[in-house]
Amino acid sequence: MDSEILIEARGLTRRYGPTTAVSDLSLTLRKGEILGLLGPNGAGKSTTMKMLTGNLAPTSGEAFIKGQSLHDAPTAAKKSLGYLPEQPPVYPELTVDEYLRYCADLHGIAKKERAAAVQQAKQSCGLTEVSQRLIGNLSKGYQQRVGLAQAIIHRPPVIVLDEPTVGLDPIQIREIRALIVELGKSHSVILSSHILPEIQAVCSRVMIINRGRAVYDQPVIATRNAQMESLTITLKRPPAVEAIQRIVGIASVEDLGAGRFRLVLAGGNDPREVLVDAAVNGNWGLIELAPEVKTLEEIFVELTSGDEQERKAA
Amino acid sequence: MKNIFSIAGNEARRIFVSPLAWAVLGVVQLIVGIVFVLSLLDYARFSEQAGQSFGVSDYIGGSVFGFAVIVLLLVMPLMTMRLFAEERKSGSLTLLFSAPVSLTEIVLGKFLGLLSFVFALLALLALMPLSLIPATELDLGRIAAGLLGLFLLMSSFGAAGLFVSSLTREPTIAAVGSFGLLLVIWLMNMLAFNDSIPFTAVFSYLSLIGHFESLRRGIFSSADAVYYILFTALFLWLTVQRLDMERN
């Protein structure tokens with residue numbers, strides 16, 4: 001991981017009067033990474049994205065895009081930036097072509113290359129058939145695609161997408177996800193989403209924000225290969241509970257009835273192989289053996305609702 | 001500089017694809033046209049009786065442009081209300097804020113885009129007195145001074161409206177607000193007539209209308225032009241400040 005750092009934020013804090021929307025949030029994103037921002041409603045995802053794109057000045061802290069400070073050199077920093085906010089920033093009275101040409105122009109694409117850039121963005125976002133339509137007459141999903149096309153038209157090194165797949169149909173969602181993965185190879189992408197499987201499918205890193213604080217920041221791999229903490233096993237001819245308990249690496253056994261058992265593992269052990277052997281030798285009639293892995297959803301719920309309880313207690 | 005023209009071009013396009021601009025142009029032309037015809041008839045009758053003591057450019061140009069000012073005072077807030085308020089409401093302002101352009105470029109671009117509409121309006125207004133060219137001899141300098149005065153006045157209206165539009169996210173509030181602001185600055189002239197108020201000279205000098213009066217009569221004084229340019233620049237600067245505050 002020695003590739004170029006494209007986004008760096010240090011201690012971003014944003015207060016709106018007495019309420020703190022984001023507090024002391026730091027992140028670094030390198031080339032080729034896709035970061036997923038997760039969080040309950042009002043956690044500060046959009047505020048964070050606004051600060052990273054120069055739409056909102058942080059109360060304290062600083063953000064750098066490709067090494068350029070958003071505070072000291074905003075235009076230089078914004079050159080490397082594509083942003084799709086929650087509401088696609090489109091002009092309903094323009095056609096898709098007119099709008100995208102203007103966006104290309106705003107981002108400093110030379111006149112000669114503009115047509116090609118517009119064409120490419122339309123192709124990536126499936127807009128070629130609506131080129132001449134007024135944006136205001138397009139459906140919500142198409143407007144979202146126009147917003148996305150606007151964010152990638154100048155192929156910026158850093159792409160920030162606030163809930164990019166909202167309002168799209170399932171096929172389009174798959175296409176957009178594929179596009180994001182494709183973009184992620186050569187650019188840095190930050191995207192926020194409520195859809196956990198989406199984050200898992202697309203992102204290389206996950207950051208969970210809760211009440212303005214980053215409470216989790218790990219590669220997605222970590223959530224996939226999370227530590228196995230327990231197993232469920234179903235046996236047609238279950239032995240006595242003690243017989244299972246005796247197997248090395250099992251801390252406790254919980255009888256769930258109908259031959260199902262929940263086995264809590266002693267730290268770091270993987271007794272699956274031993275279990276199968278024992279089941280074969282003892283003729284237990286093994287029909288199911290499933291590891292219980294902590295999913296991203298569980299991590300999310302644990303981290304975000306735990307706080308809620310704390311707050312209630314306090 | 002290129003960015004300013006990109007933004008201005010887009011702004012002009014958006015103004016002219018909207019029915020509002022055409023409706024405004026049409027209504028203004030109709031109303032001012034009626035006044036033009038009426039004053040023309042007036043002049044025809046009057047000149048038969050009184051001879052050549054009044055020039056036709058003076059009479060027609062003066063009354064048409066003088067009346068146009070009142071119509072424009074009502075109309076300009078409608079044209080400026082959308083500039084920032086509507087974009088903020090629809091979220092499209094984010095496009096400009098995340099693009100590699102400075103706030104000054106955004107404000108100047110929008111203002112230049114608005115000026116394209118002002119030019120269209122002025123061209124249509126100018127056609128009325130100019131349509132008399134085949135029939136009579138016009139004092140073109142006088143009409144040019146009147147048009148210049150209207151242009152400067154409308155730039156000032158536009159800049160003030162742009163500023164008010166940057167304050168709010170509701171286009172209607174922006175329209176009411178800029179209309180109120182323009183009227184107040186306008187009415188400063190009234191204070192000047194009241195002798196019990198101190199500094200009447202200052203009020204009369206600051207009023208928007210006072211400086212138009214001489215231009216309408218064909219007297220070009222650089223002080224008047226500078227007044228309008230400073231007025232415009234002040235409000236454009238305030239708009240930039242306001243947008244900068246919004247990020248904080």
# chains A, B, ... in the order shown; residues from 1 in each chain; ligands from 1
>>> select_by_dssp(residues="region 147-284 of chain A", states="helix (DSSP H, G or I)", output="ChimeraX atom specification")
/A:147-152,170-186,196-202,220-224,241-245,272-281
>>> interface_residues(of="chain B", to="chain A", cutoff="6 Å", atoms="only C-alpha atoms", output="PyMOL selection string")
chain B and resi 91-92+95+97+99-101+247-248
>>> atom_distance(atom1="CA of Asp244 (chain B)", atom2="CA of Val107 (chain B)")
11.2 Å
>>> residues_around(residues="Leu72 (chain B)", least_positions_apart="3", cutoff="12 Å", atoms="only C-alpha atoms", output="ChimeraX atom specification")
/B:24-25,27-29,31-32,65-69,75-80,118,121-122,125,150-151,153-158,179,182-183
>>> residues_around(residues="Ile34 (chain A)", least_positions_apart="3", cutoff="8 Å", atoms="only C-alpha atoms", output="PyMOL selection string")
chain A and resi 181+184+188-191+202-205
>>> write_last_selection(atoms="N, CA, C and O atoms", output="PDB file, in the first residue's frame")
ATOM      1  N   VAL A 181     -16.703   0.019  -9.374  1.00  0.00           N
ATOM      2  CA  VAL A 181     -15.560  -0.877  -9.186  1.00  0.00           C
ATOM      3  C   VAL A 181     -14.498  -0.584 -10.238  1.00  0.00           C
ATOM      4  O   VAL A 181     -13.306  -0.497  -9.939  1.00  0.00           O
ATOM      5  N   GLY A 184     -12.840   2.556  -9.441  1.00  0.00           N
ATOM      6  CA  GLY A 184     -12.038   2.399  -8.228  1.00  0.00           C
ATOM      7  C   GLY A 184     -10.644   1.878  -8.503  1.00  0.00           C
ATOM      8  O   GLY A 184      -9.741   2.032  -7.688  1.00  0.00           O
ATOM      9  N   SER A 188      -9.740   7.162  -6.673  1.00  0.00           N
ATOM     10  CA  SER A 188     -10.210   6.920  -5.317  1.00  0.00           C
ATOM     11  C   SER A 188     -11.681   7.268  -5.268  1.00  0.00           C
ATOM     12  O   SER A 188     -12.086   8.304  -5.772  1.00  0.00           O
ATOM     13  N   VAL A 189     -12.454   6.413  -4.671  1.00  0.00           N
ATOM     14  CA  VAL A 189     -13.881   6.668  -4.599  1.00  0.00           C
ATOM     15  C   VAL A 189     -14.339   6.633  -3.149  1.00  0.00           C
ATOM     16  O   VAL A 189     -13.932   5.750  -2.390  1.00  0.00           O
ATOM     17  N   ILE A 190     -15.132   7.609  -2.755  1.00  0.00           N
ATOM     18  CA  ILE A 190     -15.822   7.529  -1.471  1.00  0.00           C
ATOM     19  C   ILE A 190     -17.293   7.469  -1.790  1.00  0.00           C
ATOM     20  O   ILE A 190     -17.800   8.284  -2.554  1.00  0.00           O
ATOM     21  N   LEU A 191     -17.989   6.516  -1.235  1.00  0.00           N
ATOM     22  CA  LEU A 191     -19.424   6.510  -1.458  1.00  0.00           C
ATOM     23  C   LEU A 191     -20.140   6.219  -0.162  1.00  0.00           C
ATOM     24  O   LEU A 191     -19.642   5.520   0.702  1.00  0.00           O
ATOM     25  N   VAL A 202     -18.901  -3.591  -3.238  1.00  0.00           N
ATOM     26  CA  VAL A 202     -18.178  -2.598  -4.033  1.00  0.00           C
ATOM     27  C   VAL A 202     -16.898  -2.116  -3.364  1.00  0.00           C
ATOM     28  O   VAL A 202     -15.884  -1.930  -4.013  1.00  0.00           O
ATOM     29  N   CYS A 203     -16.961  -1.920  -2.049  1.00  0.00           N
ATOM     30  CA  CYS A 203     -15.894  -1.164  -1.391  1.00  0.00           C
ATOM     31  C   CYS A 203     -14.729  -2.035  -0.987  1.00  0.00           C
ATOM     32  O   CYS A 203     -14.870  -3.228  -0.753  1.00  0.00           O
ATOM     33  N   SER A 204     -13.572  -1.386  -0.874  1.00  0.00           N
ATOM     34  CA  SER A 204     -12.428  -2.099  -0.338  1.00  0.00           C
ATOM     35  C   SER A 204     -12.241  -1.760   1.142  1.00  0.00           C
ATOM     36  O   SER A 204     -11.563  -2.480   1.854  1.00  0.00           O
ATOM     37  N   ARG A 205     -12.855  -0.654   1.569  1.00  0.00           N
ATOM     38  CA  ARG A 205     -12.761  -0.303   2.992  1.00  0.00           C
ATOM     39  C   ARG A 205     -14.102   0.225   3.476  1.00  0.00           C
ATOM     40  O   ARG A 205     -14.857   0.813   2.712  1.00  0.00           O
TER      41      ARG A 205
END
>>> atom_distance(atom1="CA of Gln218 (chain A)", atom2="CA of Glu175 (chain A)")
25.7 Å
>>> residues_around(residues="Ser116 (chain B)", least_positions_apart="2", cutoff="12 Å", atoms="only C-alpha atoms", output="PyMOL selection string")
chain B and resi 5+8-16+21+79+109-114+118-123+151+154-155+158
>>> residues_around(residues="Ile250 (chain A)", least_positions_apart="2", cutoff="9 Å", atoms="only C-alpha atoms", output="number ranges by chain")
A: 230, 244-248, 252-253, 263-267, 269-271
>>> select_by_dssp(residues="region 10-145 of chain A", states="strand (DSSP E)", output="JSON, numbers by chain")
{"A": [10, 11, 12, 13, 14, 15, 16, 19, 20, 21, 22, 23, 24, 25, 26, 27, 28, 29, 30, 34, 35, 36, 37, 38, 60, 61, 62, 63, 64, 65, 68, 69, 81, 82, 83, 84]}
>>> closest_residue(among="B:Pro198, B:Pro171, B:Gly146, B:Pro19", to="Pro129 (chain B)", atoms="only C-alpha atoms")
B:Gly146
>>> atom_distance(atom1="CA of Leu115 (chain B)", atom2="CA of Leu20 (chain B)")
15.6 Å
>>> closest_residue(among="B:Leu93, B:Leu206, B:Ala85, B:Ala44", to="Ala223 (chain B)", atoms="only C-alpha atoms")
B:Leu206
>>> decode(residues="region 19-35 of chain A", atoms="all heavy atoms", output="tab-separated table (two decimals), in the first residue's frame")
chain	number	residue	atom	x	y	z
A	19	THR	N	-24.92	22.16	18.01
A	19	THR	CA	-24.84	20.74	17.67
A	19	THR	C	-23.58	20.46	16.86
A	19	THR	O	-23.20	21.23	15.98
A	19	THR	CB	-26.05	20.29	16.83
A	19	THR	OG1	-26.23	21.23	15.77
A	19	THR	CG2	-27.29	20.20	17.66
A	20	THR	N	-22.94	19.36	17.19
A	20	THR	CA	-21.75	18.95	16.46
A	20	THR	C	-22.15	17.86	15.47
A	20	THR	O	-22.60	16.80	15.87
A	20	THR	CB	-20.69	18.42	17.43
A	20	THR	OG1	-20.48	19.42	18.43
A	20	THR	CG2	-19.39	18.15	16.72
A	21	ALA	N	-22.01	18.15	14.21
A	21	ALA	CA	-22.43	17.18	13.19
A	21	ALA	C	-21.34	16.15	12.95
A	21	ALA	O	-21.61	14.97	12.81
A	21	ALA	CB	-22.78	17.90	11.90
A	22	VAL	N	-20.11	16.64	12.91
A	22	VAL	CA	-18.97	15.75	12.70
A	22	VAL	C	-17.89	16.18	13.65
A	22	VAL	O	-17.64	17.37	13.80
A	22	VAL	CB	-18.45	15.86	11.24
A	22	VAL	CG1	-17.15	15.10	11.09
A	22	VAL	CG2	-19.48	15.34	10.25
A	23	SER	N	-17.29	15.22	14.33
A	23	SER	CA	-16.25	15.65	15.26
A	23	SER	C	-14.99	14.82	15.09
A	23	SER	O	-15.04	13.60	15.11
A	23	SER	CB	-16.79	15.62	16.69
A	23	SER	OG	-16.39	14.48	17.35
A	24	ASP	N	-13.91	15.52	14.86
A	24	ASP	CA	-12.57	14.96	14.82
A	24	ASP	C	-12.47	13.73	13.93
A	24	ASP	O	-12.03	12.68	14.35
A	24	ASP	CB	-12.13	14.62	16.25
A	24	ASP	CG	-10.61	14.46	16.31
A	24	ASP	OD1	-9.94	15.02	15.43
A	24	ASP	OD2	-10.12	13.76	17.21
A	25	LEU	N	-12.88	13.88	12.70
A	25	LEU	CA	-12.87	12.76	11.78
A	25	LEU	C	-11.63	12.84	10.89
A	25	LEU	O	-11.36	13.88	10.30
A	25	LEU	CB	-14.14	12.79	10.93
A	25	LEU	CG	-14.39	11.58	10.04
A	25	LEU	CD1	-15.81	11.12	10.22
A	25	LEU	CD2	-14.10	11.88	8.61
A	26	SER	N	-10.88	11.76	10.85
A	26	SER	CA	-9.69	11.74	9.99
A	26	SER	C	-9.80	10.56	9.05
A	26	SER	O	-10.28	9.50	9.44
A	26	SER	CB	-8.43	11.59	10.83
A	26	SER	OG	-8.33	12.66	11.72
A	27	LEU	N	-9.36	10.77	7.83
A	27	LEU	CA	-9.29	9.62	6.93
A	27	LEU	C	-8.26	9.86	5.85
A	27	LEU	O	-7.98	11.00	5.48
A	27	LEU	CB	-10.66	9.29	6.34
A	27	LEU	CG	-11.41	10.25	5.42
A	27	LEU	CD1	-10.99	10.05	3.97
A	27	LEU	CD2	-12.90	9.96	5.52
A	28	THR	N	-7.68	8.78	5.38
A	28	THR	CA	-6.78	8.85	4.24
A	28	THR	C	-7.25	7.82	3.23
A	28	THR	O	-7.69	6.74	3.62
A	28	THR	CB	-5.32	8.52	4.59
A	28	THR	OG1	-5.33	7.47	5.55
A	28	THR	CG2	-4.57	9.70	5.10
A	29	LEU	N	-7.17	8.21	1.99
A	29	LEU	CA	-7.62	7.29	0.95
A	29	LEU	C	-6.55	7.31	-0.13
A	29	LEU	O	-6.15	8.35	-0.60
A	29	LEU	CB	-8.96	7.76	0.39
A	29	LEU	CG	-9.78	6.70	-0.32
A	29	LEU	CD1	-10.15	5.59	0.65
A	29	LEU	CD2	-11.05	7.30	-0.89
A	30	ARG	N	-6.10	6.12	-0.50
A	30	ARG	CA	-5.07	6.02	-1.53
A	30	ARG	C	-5.69	5.70	-2.87
A	30	ARG	O	-6.85	5.31	-2.95
A	30	ARG	CB	-4.08	4.92	-1.15
A	30	ARG	CG	-3.22	5.28	0.00
A	30	ARG	CD	-2.50	4.06	0.51
A	30	ARG	NE	-2.05	4.28	1.88
A	30	ARG	CZ	-0.93	4.93	2.19
A	30	ARG	NH1	-0.16	5.39	1.23
A	30	ARG	NH2	-0.59	5.11	3.45
A	31	LYS	N	-4.86	5.86	-3.87
A	31	LYS	CA	-5.30	5.54	-5.22
A	31	LYS	C	-5.74	4.08	-5.28
A	31	LYS	O	-5.08	3.20	-4.74
A	31	LYS	CB	-4.12	5.76	-6.17
A	31	LYS	CG	-4.51	5.82	-7.60
A	31	LYS	CD	-3.29	6.22	-8.41
A	31	LYS	CE	-3.58	6.05	-9.89
A	31	LYS	NZ	-2.44	6.41	-10.69
A	32	GLY	N	-6.85	3.84	-5.93
A	32	GLY	CA	-7.32	2.47	-6.10
A	32	GLY	C	-8.14	1.94	-4.95
A	32	GLY	O	-8.46	0.76	-4.91
A	33	GLU	N	-8.47	2.81	-4.01
A	33	GLU	CA	-9.31	2.35	-2.90
A	33	GLU	C	-10.73	2.86	-3.07
A	33	GLU	O	-10.95	3.96	-3.57
A	33	GLU	CB	-8.77	2.88	-1.57
A	33	GLU	CG	-7.65	2.06	-1.00
A	33	GLU	CD	-7.31	2.52	0.40
A	33	GLU	OE1	-6.95	3.69	0.58
A	33	GLU	OE2	-7.43	1.71	1.33
A	34	ILE	N	-11.68	2.07	-2.63
A	34	ILE	CA	-13.07	2.52	-2.60
A	34	ILE	C	-13.51	2.46	-1.14
A	34	ILE	O	-13.51	1.40	-0.52
A	34	ILE	CB	-13.98	1.63	-3.45
A	34	ILE	CG1	-13.44	1.52	-4.88
A	34	ILE	CG2	-15.39	2.17	-3.45
A	34	ILE	CD1	-14.27	0.64	-5.78
A	35	LEU	N	-13.83	3.62	-0.61
A	35	LEU	CA	-14.22	3.67	0.80
A	35	LEU	C	-15.74	3.79	0.88
A	35	LEU	O	-16.35	4.65	0.25
A	35	LEU	CB	-13.56	4.87	1.47
A	35	LEU	CG	-14.00	5.16	2.91
A	35	LEU	CD1	-13.44	4.12	3.85
A	35	LEU	CD2	-13.58	6.54	3.35
